[in-house]
$ cat entry.cif   # mmCIF, C-alpha atoms and all ligand atoms
data_run
loop_
_atom_site.label_atom_id
_atom_site.label_comp_id
_atom_site.auth_asym_id
_atom_site.auth_seq_id
_atom_site.Cartn_x
_atom_site.Cartn_y
_atom_site.Cartn_z
CA MET J 3 13.99 3.46 31.83
CA LYS J 4 16.52 3.51 34.62
CA VAL J 5 16.63 6.92 36.32
CA LEU J 6 19.24 8.32 38.71
CA LEU J 7 18.03 11.30 40.76
CA VAL J 8 20.80 13.27 42.46
CA PHE J 9 19.23 15.27 45.28
CA ALA J 10 20.93 18.25 46.89
CA HIS J 11 18.89 19.65 49.79
CA PRO J 12 19.85 19.31 53.46
CA GLU J 13 16.26 18.84 54.73
CA PRO J 14 14.08 15.88 53.72
CA ARG J 15 10.92 17.73 54.93
CA SER J 16 11.62 20.64 52.58
CA LEU J 17 9.65 21.58 49.52
CA ASN J 18 12.46 19.97 47.53
CA GLY J 19 12.05 16.80 49.57
CA ALA J 20 8.31 16.76 48.83
CA LEU J 21 8.90 17.34 45.10
CA ARG J 22 11.52 14.60 45.02
CA ASP J 23 9.01 12.14 46.48
CA VAL J 24 6.42 13.21 43.88
CA ALA J 25 8.95 12.65 41.10
CA ILE J 26 10.01 9.22 42.36
CA ARG J 27 6.42 8.05 42.86
CA GLU J 28 5.42 9.11 39.35
CA LEU J 29 8.50 7.59 37.71
CA GLU J 30 7.87 4.29 39.50
CA ALA J 31 4.18 4.41 38.59
CA GLN J 32 5.29 4.67 34.96
CA GLY J 33 7.38 1.51 35.36
CA HIS J 34 10.77 3.24 35.55
CA GLU J 35 13.45 2.03 37.97
CA VAL J 36 14.77 4.83 40.20
CA ARG J 37 17.94 5.18 42.25
CA VAL J 38 18.64 8.25 44.38
CA SER J 39 21.91 9.85 45.43
CA ASP J 40 20.85 11.99 48.40
CA LEU J 41 24.06 13.98 48.78
CA TYR J 42 23.52 15.46 52.26
CA ALA J 43 22.27 12.12 53.62
CA MET J 44 25.36 10.47 52.11
CA ARG J 45 27.55 13.18 53.67
CA TRP J 46 29.07 13.63 50.23
CA LYS J 47 32.61 15.01 50.31
CA SER J 48 32.45 17.97 47.96
CA ALA J 49 36.01 19.31 47.90
CA VAL J 50 38.58 17.92 45.48
CA ASP J 51 41.81 17.41 47.42
CA HIS J 52 44.81 15.14 47.93
CA ALA J 53 42.70 12.48 49.64
CA ASP J 54 40.91 11.84 46.34
CA PHE J 55 44.05 10.34 44.88
CA PRO J 56 45.45 7.69 47.24
CA SER J 57 48.12 6.71 44.72
CA LEU J 58 49.84 10.11 45.16
CA THR J 59 52.55 10.13 47.79
CA PRO J 60 51.70 12.49 50.68
CA ASP J 61 54.10 15.23 49.58
CA GLU J 62 53.53 14.86 45.85
CA ARG J 63 52.21 17.99 44.12
CA LEU J 64 48.51 17.64 43.27
CA ILE J 65 47.65 18.54 39.68
CA PRO J 66 43.90 17.85 39.68
CA VAL J 67 43.49 17.20 35.92
CA ALA J 68 46.49 14.87 35.72
CA ALA J 69 45.59 13.10 38.96
CA SER J 70 42.00 12.59 37.82
CA LYS J 71 43.18 11.09 34.51
CA ALA J 72 45.69 8.78 36.19
CA ALA J 73 43.20 7.63 38.79
CA PHE J 74 40.50 6.95 36.20
CA ASP J 75 42.92 5.10 33.89
CA THR J 76 44.30 2.94 36.67
CA GLY J 77 41.00 2.32 38.48
CA THR J 78 42.22 4.10 41.61
CA LEU J 79 39.46 6.69 42.02
CA THR J 80 38.04 6.60 45.53
CA GLU J 81 35.23 4.14 46.21
CA ASP J 82 32.54 6.84 46.65
CA VAL J 83 33.34 8.26 43.21
CA LYS J 84 33.42 4.83 41.58
CA VAL J 85 29.95 4.06 42.96
CA GLU J 86 28.53 7.28 41.47
CA ILE J 87 30.17 6.59 38.10
CA GLU J 88 28.64 3.11 38.12
CA LYS J 89 25.21 4.68 38.79
CA LEU J 90 25.67 7.11 35.88
CA LEU J 91 26.56 4.24 33.54
CA TRP J 92 23.55 2.28 34.82
CA ALA J 93 21.04 5.11 34.34
CA ASP J 94 19.33 5.96 31.05
CA ALA J 95 18.35 9.31 32.54
CA LEU J 96 19.91 11.60 35.12
CA ILE J 97 17.96 14.17 37.14
CA LEU J 98 19.78 16.80 39.19
CA GLN J 99 17.44 18.36 41.77
CA PHE J 100 18.36 21.41 43.85
CA PRO J 101 17.24 24.79 45.22
CA LEU J 102 18.79 27.70 43.35
CA TRP J 103 21.41 29.12 45.72
CA TRP J 104 23.24 32.23 44.58
CA PHE J 105 22.02 31.64 41.04
CA THR J 106 23.47 28.16 40.76
CA MET J 107 23.56 24.72 42.38
CA PRO J 108 24.47 24.22 46.07
CA ALA J 109 28.18 23.59 46.63
CA ILE J 110 27.63 19.97 47.59
CA LEU J 111 26.24 19.22 44.12
CA LYS J 112 28.98 21.16 42.36
CA GLY J 113 31.41 19.07 44.39
CA TRP J 114 29.68 15.88 43.23
CA VAL J 115 30.24 16.99 39.64
CA ASP J 116 33.84 18.03 40.31
CA ARG J 117 34.72 14.65 41.75
CA VAL J 118 32.54 12.25 39.75
CA PHE J 119 32.93 13.73 36.26
CA ALA J 120 36.50 12.47 36.03
CA TYR J 121 39.04 12.93 33.24
CA GLY J 122 38.64 10.09 30.77
CA PHE J 123 35.05 9.59 31.88
CA ALA J 124 33.29 12.95 31.40
CA TYR J 125 36.04 15.02 29.83
CA GLY J 126 39.28 14.33 27.99
CA VAL J 127 37.37 11.74 25.93
CA GLY J 128 38.13 11.00 22.25
CA GLU J 129 40.72 12.28 19.82
CA HIS J 130 42.34 15.61 20.68
CA SER J 131 44.31 16.95 17.71
CA ASP J 132 44.36 19.93 15.39
CA ARG J 133 41.50 18.21 13.49
CA ARG J 134 39.28 17.32 16.41
CA TRP J 135 38.66 18.62 19.90
CA GLY J 136 37.54 15.45 21.60
CA ASP J 137 34.15 13.81 21.94
CA ARG J 138 32.09 16.40 23.74
CA TYR J 139 28.99 18.58 23.35
CA GLY J 140 26.64 15.92 22.12
CA GLU J 141 29.18 13.09 22.07
CA GLY J 142 31.08 11.33 24.83
CA THR J 143 30.69 8.63 27.45
CA LEU J 144 27.11 9.56 28.33
CA ALA J 145 25.78 10.04 24.79
CA GLY J 146 22.40 8.50 24.18
CA LYS J 147 21.25 9.17 27.73
CA ARG J 148 18.89 11.93 28.88
CA ALA J 149 19.32 14.48 31.66
CA MET J 150 17.23 17.24 33.21
CA LEU J 151 17.17 19.65 36.12
CA ILE J 152 14.50 20.13 38.78
CA VAL J 153 15.09 23.55 40.34
CA THR J 154 13.26 25.66 42.91
CA ALA J 155 13.86 29.41 43.10
CA GLY J 156 12.78 32.05 45.60
CA GLY J 157 12.68 34.77 42.94
CA TRP J 158 9.74 35.67 40.74
CA GLU J 159 9.49 34.23 37.24
CA GLU J 160 9.41 37.80 35.83
CA HIS J 161 12.78 38.50 37.44
CA TYR J 162 14.19 35.60 35.40
CA ALA J 163 12.47 36.61 32.13
CA PRO J 164 14.57 37.66 29.10
CA ARG J 165 14.64 41.28 30.35
CA GLY J 166 14.44 40.44 34.06
CA VAL J 167 16.93 41.84 36.53
CA ASN J 168 18.34 38.43 37.53
CA GLY J 169 19.12 37.49 33.95
CA PRO J 170 17.20 34.88 31.95
CA ILE J 171 16.86 31.54 33.71
CA ASP J 172 18.04 29.73 30.55
CA ASP J 173 21.27 31.75 30.68
CA LEU J 174 21.80 31.09 34.39
CA LEU J 175 21.31 27.35 33.89
CA PHE J 176 23.36 27.22 30.67
CA PRO J 177 26.66 26.36 32.40
CA ILE J 178 24.93 23.38 34.02
CA ASN J 179 22.79 22.25 31.09
CA HIS J 180 25.37 22.81 28.37
CA GLY J 181 28.67 22.91 30.27
CA ILE J 182 28.08 19.97 32.63
CA LEU J 183 25.36 17.79 31.05
CA TYR J 184 25.65 18.28 27.29
CA TYR J 185 29.47 18.27 27.47
CA PRO J 186 29.80 14.54 28.30
CA GLY J 187 27.04 13.66 25.86
CA TYR J 188 23.64 13.84 27.55
CA ASP J 189 20.58 14.92 25.61
CA VAL J 190 19.41 17.71 27.91
CA LEU J 191 15.68 18.19 28.44
CA PRO J 192 14.22 21.60 29.27
CA PRO J 193 14.49 22.14 33.04
CA PHE J 194 11.53 21.99 35.41
CA VAL J 195 11.85 25.26 37.32
CA VAL J 196 9.45 26.54 39.98
CA PHE J 197 9.66 30.17 41.02
CA ARG J 198 8.61 32.23 44.03
CA VAL J 199 8.50 29.19 46.28
CA ASP J 200 9.49 30.61 49.66
CA ARG J 201 5.95 31.54 50.68
CA LEU J 202 4.26 28.64 48.98
CA ASP J 203 1.45 26.99 50.95
CA GLU J 204 -0.18 23.57 50.66
CA THR J 205 -2.74 24.84 48.13
CA GLY J 206 0.07 26.11 45.92
CA PHE J 207 1.88 22.78 46.16
CA GLU J 208 -0.54 20.60 44.21
CA PRO J 209 -0.32 22.49 40.87
CA LEU J 210 3.48 22.33 41.08
CA ALA J 211 3.34 18.63 41.89
CA GLU J 212 1.05 18.00 38.92
CA GLY J 213 3.40 19.89 36.60
CA LEU J 214 6.27 17.75 37.84
CA ARG J 215 4.28 14.53 37.44
CA GLU J 216 3.61 15.47 33.81
CA ARG J 217 7.34 16.01 33.22
CA MET J 218 8.09 12.62 34.78
CA ARG J 219 5.43 10.96 32.60
CA THR J 220 7.12 12.36 29.49
CA ILE J 221 10.77 11.99 30.49
CA ALA J 222 11.42 9.45 27.73
CA THR J 223 9.74 11.49 24.98
CA THR J 224 10.28 15.20 25.73
CA PRO J 225 12.41 16.70 22.92
CA PRO J 226 15.83 17.80 24.19
CA ILE J 227 17.12 21.37 23.96
CA PRO J 228 18.57 21.56 20.41
CA TYR J 229 22.13 22.43 21.38
CA ARG J 230 24.53 22.42 18.47
CA ARG J 231 26.83 19.41 18.23
CA GLN J 232 30.51 20.27 18.33
CA ASN J 233 31.59 17.76 15.69
CA ALA J 234 28.73 18.13 13.21
CA GLY J 235 30.13 20.98 11.17
CA ASP J 236 28.72 24.04 12.95
CA TYR J 237 32.06 25.02 14.49
CA LEU J 238 35.39 25.93 12.94
CA VAL J 239 38.35 23.75 13.94
CA PRO J 240 40.45 24.38 15.98
CA SER J 241 39.04 27.77 17.10
CA MET J 242 35.66 26.17 17.90
CA LYS J 243 33.93 29.39 16.92
CA LEU J 244 30.48 29.11 15.43
CA ARG J 245 30.75 29.17 11.64
CA PRO J 246 29.91 32.54 10.04
CA GLY J 247 26.35 32.58 8.78
CA LEU J 248 24.97 30.39 11.57
CA GLY J 249 22.87 31.90 14.35
CA ASP J 250 21.15 35.29 14.33
CA PRO J 251 23.37 38.00 12.83
CA GLY J 252 24.70 40.21 15.61
CA ALA J 253 23.84 37.66 18.30
CA SER J 254 26.44 36.53 20.82
CA GLY J 255 26.56 34.55 24.00
CA PHE J 256 24.79 31.38 25.08
CA ALA J 257 21.82 31.54 22.71
CA LEU J 258 24.11 31.04 19.70
CA HIS J 259 24.69 27.45 20.73
CA VAL J 260 21.02 26.53 20.54
CA ASP J 261 20.02 25.57 17.02
CA ASP J 262 16.44 26.82 17.12
CA ALA J 263 16.27 26.92 13.35
CA GLY J 264 17.21 23.23 13.10
CA THR J 265 19.97 23.87 10.57
CA THR J 266 22.13 21.02 11.86
CA ASP J 267 21.14 17.58 10.67
CA ARG J 268 21.33 15.91 14.05
CA ALA J 269 20.33 12.45 12.94
CA SER J 270 23.14 12.17 10.41
CA ALA J 271 25.71 14.24 12.31
CA ALA J 272 28.75 12.15 13.11
P1 LIG J 301 11.26 25.19 51.74
O1 LIG J 301 11.82 26.35 52.48
O2 LIG J 301 11.36 23.83 52.36
O3 LIG J 301 9.73 25.44 51.42
C1 LIG J 301 9.28 26.60 50.72
C2 LIG J 301 7.82 26.83 51.01
O4 LIG J 301 7.08 25.75 50.47
C3 LIG J 301 7.50 26.86 52.54
O5 LIG J 301 6.65 27.95 52.78
C4 LIG J 301 6.81 25.53 52.74
O6 LIG J 301 5.86 25.61 53.80
C5 LIG J 301 6.10 25.36 51.41
N1 LIG J 301 5.51 24.06 51.11
C6 LIG J 301 4.32 23.89 50.48
N2 LIG J 301 4.03 22.62 50.36
C7 LIG J 301 5.04 21.92 50.90
C8 LIG J 301 5.27 20.54 51.07
N3 LIG J 301 4.42 19.61 50.66
N4 LIG J 301 6.41 20.17 51.67
C9 LIG J 301 7.31 21.11 52.09
N5 LIG J 301 7.10 22.45 51.96
C10 LIG J 301 5.99 22.86 51.36
N6 LIG J 301 16.48 32.21 45.25
C11 LIG J 301 16.66 32.71 44.00
O7 LIG J 301 15.68 32.88 43.27
N7 LIG J 301 17.91 33.00 43.53
C12 LIG J 301 19.02 32.82 44.28
O8 LIG J 301 20.12 33.07 43.81
C13 LIG J 301 18.86 32.32 45.60
N8 LIG J 301 19.94 32.13 46.39
C14 LIG J 301 19.78 31.57 47.62
C15 LIG J 301 20.92 31.30 48.40
C16 LIG J 301 20.78 30.67 49.62
C17 LIG J 301 22.01 30.36 50.41
C18 LIG J 301 19.50 30.34 50.11
C19 LIG J 301 19.34 29.67 51.45
C20 LIG J 301 18.38 30.61 49.36
C21 LIG J 301 18.49 31.22 48.11
N9 LIG J 301 17.38 31.47 47.30
C22 LIG J 301 17.55 32.01 46.05
C23 LIG J 301 16.05 30.99 47.68
C24 LIG J 301 15.95 29.49 47.43
O9 LIG J 301 16.02 29.21 46.05
C25 LIG J 301 14.65 28.93 48.01
O10 LIG J 301 14.70 29.18 49.40
C26 LIG J 301 14.50 27.46 47.75
O11 LIG J 301 14.37 27.21 46.36
C27 LIG J 301 13.27 26.92 48.44
O12 LIG J 301 13.26 25.51 48.33
P2 LIG J 301 13.21 24.62 49.67
O13 LIG J 301 13.05 23.20 49.26
O14 LIG J 301 14.35 24.99 50.55
O15 LIG J 301 11.83 25.19 50.25
#
$ encode --input "entry.cif" --output "structure tokens" --more "lines below"
Ligand code: FAD
Amino acid sequence: MKVLLVFAHPEPRSLNGALRDVAIRELEAQGHEVRVSDLYAMRWKSAVDHADFPSLTPDERLIPVAASKAAFDTGTLTEDVKVEIEKLLWADALILQFPLWWFTMPAILKGWVDRVFAYGFAYGVGEHSDRRWGDRYGEGTLAGKRAMLIVTAGGWEEHYAPRGVNGPIDDLLFPINHGILYYPGYDVLPPFVVFRVDRLDETGFEPLAEGLRERMRTIATTPPIPYRRQNAGDYLVPSMKLRPGLGDPGASGFALHVDDAGTTDRASAA
């Protein structure tokens, strides 16, 4: 497989840097081809602004959605964004690696998503009508490819358990896994998350590294999170509410969109 690893930590000698090297070595040992976007090393520009759309005149009002669509359609996205889009099209699998900062990804990585996941490429894809709400959530430009997160967290695993004070880690990562990765079509693998890392020593490192190696060995075969497909009949159109009778009665929130019971026929879903 071809794997793109997008790395968002400012320090190569960090724990994240060490885990990244473990991941790359194992992927290459398995015969995979790996490319890395090291966002801090690249001095990635994270803010969306006027400079992203050179075809706008200097005093023209910036409407980010419209400008993104026009730039994608006319091939006038900036060169740094075009290079990242080309890497995403090249890769069979995408890994986003980052330390959990304020319960989400560092701003530089969010800014990579904001700028690279352009209109017409990652969103605004497919038919939008009163019968269909585009190709998204399981369909889209990146369908058929795999994606996963590698995340380090200072907090204890218990604090991220279903009743933990921080909220469940699956909920905290849902906007990334479902909202950013599943949206343009990726099959999203369960994340590799390591907790309580701030006082980790060298003896604690090896078990983490081995867990990561195992995930890299199985990147092509690990079953994805069974998110419900938007266009496979589980949702009412155009409200996009989950059909009555699906999901646990009384349940609400993120968990509803995971089809643990396997009621959707994914293989035949169009
Ligand atoms: P480092 O600081 O580089 O290393 C961590 C430990 O691993 C060190 O003790 C280091 O010596 C050791 N280590 C062991 N082996 C190695 C090796 N081979 N190479 C390198 N180091 C090794 N945590 C949360 O849980 N939730 C939050 O919302 C949150 N928000 C944060 C916000 C900010 C702005 C910051 C700065 C931190 C936040 N944290 C939070 C903590 C953060 O998630 C951790 O600090 C981070 O995950 C640690 O990863 P690192 O790569 O920076 O580790």
$ closest_atom_pairs --input "entry.cif" --of "stretch 122-189 of chain J" --to "stretch 71-82 of chain J" --cutoff "12 Å" --atoms "only C-alpha atoms" --output "Markdown table"
| residue | atom | partner | partner_atom | distance |
| --- | --- | --- | --- | --- |
| J:Gly122 | CA | J:Lys71 | CA | 6.0 |
| J:Phe123 | CA | J:Phe74 | CA | 7.4 |
| J:Ala124 | CA | J:Lys71 | CA | 10.5 |
| J:Tyr125 | CA | J:Lys71 | CA | 9.4 |
| J:Gly126 | CA | J:Lys71 | CA | 8.3 |
| J:Val127 | CA | J:Lys71 | CA | 10.4 |
$ write_last_selection --input "entry.cif" --atoms "C-alpha atoms" --output "PDB file, in the coordinates of the input"
ATOM      1  CA  GLY J 122      38.640  10.090  30.770  1.00  0.00           C
ATOM      2  CA  PHE J 123      35.050   9.590  31.880  1.00  0.00           C
ATOM      3  CA  ALA J 124      33.290  12.950  31.400  1.00  0.00           C
ATOM      4  CA  TYR J 125      36.040  15.020  29.830  1.00  0.00           C
ATOM      5  CA  GLY J 126      39.280  14.330  27.990  1.00  0.00           C
ATOM      6  CA  VAL J 127      37.370  11.740  25.930  1.00  0.00           C
TER       7      VAL J 127
END
$ closest_residue --input "entry.cif" --among "J:Ser131, J:Ser57, J:Ser48, J:Thr106" --to "ligand LIG 301 (chain J)" --atoms "all atoms listed in the file"
J:Thr106
$ atom_distance --input "entry.cif" --atom1 "atom N7 of ligand LIG 301 (chain J)" --atom2 "atom CA of J:Tyr188"
25.6 Å
$ residues_near_ligand --input "entry.cif" --ligand "ligand LIG 301 (chain J)" --cutoff "10 Å" --atoms "only C-alpha atoms and all ligand atoms" --output "NGL selection string"
:J and (10-24 or 99-109 or 153-159 or 161-162 or 168 or 171 or 174 or 195-208 or 210-211)
$ residues_near_point --input "entry.cif" --point "(32.6, 21.6, 26.9)" --cutoff "7 Å" --atoms "only C-alpha atoms" --output "ChimeraX atom specification"
/J:138-139,181,185
$ residues_around --input "entry.cif" --residues "J:Val118" --least-positions-apart "2" --cutoff "8 Å" --atoms "all atoms listed in the file" --output "ChimeraX atom specification"
/J:83-84,86-87,114-116,120
$ atom_distance --input "entry.cif" --atom1 "atom CA of J:Trp135" --atom2 "atom CA of J:Ser241"
9.6 Å
$ residues_around --input "entry.cif" --residues "J:Thr220" --least-positions-apart "5" --cutoff "12 Å" --atoms "all atoms listed in the file" --output "number ranges by chain"
J: 3, 25, 28-29, 32, 34, 148, 150, 191-192, 213-215, 225-226
$ closest_residue --input "entry.cif" --among "J:Val8, J:Ala95, J:Val260, J:Leu248" --to "J:Trp46" --atoms "all atoms listed in the file"
J:Val8
$ residues_around --input "entry.cif" --residues "J:Ala93" --least-positions-apart "2" --cutoff "12 Å" --atoms "all atoms listed in the file" --output "mmCIF file with C-alpha atoms, in the frame of the given file"
data_model
loop_
_atom_site.group_PDB
_atom_site.id
_atom_site.type_symbol
_atom_site.label_atom_id
_atom_site.label_comp_id
_atom_site.auth_asym_id
_atom_site.auth_seq_id
_atom_site.Cartn_x
_atom_site.Cartn_y
_atom_site.Cartn_z
ATOM 1 C CA MET J 3 13.990 3.460 31.830
ATOM 2 C CA LYS J 4 16.520 3.510 34.620
ATOM 3 C CA VAL J 5 16.630 6.920 36.320
ATOM 4 C CA LEU J 6 19.240 8.320 38.710
ATOM 5 C CA LEU J 7 18.030 11.300 40.760
ATOM 6 C CA VAL J 8 20.800 13.270 42.460
ATOM 7 C CA HIS J 34 10.770 3.240 35.550
ATOM 8 C CA GLU J 35 13.450 2.030 37.970
ATOM 9 C CA VAL J 36 14.770 4.830 40.200
ATOM 10 C CA ARG J 37 17.940 5.180 42.250
ATOM 11 C CA VAL J 38 18.640 8.250 44.380
ATOM 12 C CA GLU J 86 28.530 7.280 41.470
ATOM 13 C CA ILE J 87 30.170 6.590 38.100
ATOM 14 C CA GLU J 88 28.640 3.110 38.120
ATOM 15 C CA LYS J 89 25.210 4.680 38.790
ATOM 16 C CA LEU J 90 25.670 7.110 35.880
ATOM 17 C CA LEU J 91 26.560 4.240 33.540
ATOM 18 C CA ALA J 95 18.350 9.310 32.540
ATOM 19 C CA LEU J 96 19.910 11.600 35.120
ATOM 20 C CA ILE J 97 17.960 14.170 37.140
ATOM 21 C CA LEU J 144 27.110 9.560 28.330
ATOM 22 C CA ALA J 145 25.780 10.040 24.790
ATOM 23 C CA GLY J 146 22.400 8.500 24.180
ATOM 24 C CA LYS J 147 21.250 9.170 27.730
ATOM 25 C CA ARG J 148 18.890 11.930 28.880
ATOM 26 C CA ALA J 149 19.320 14.480 31.660
ATOM 27 C CA TYR J 188 23.640 13.840 27.550
#
$ atom_distance --input "entry.cif" --atom1 "atom CA of J:Met44" --atom2 "atom CA of J:Trp92"
19.2 Å
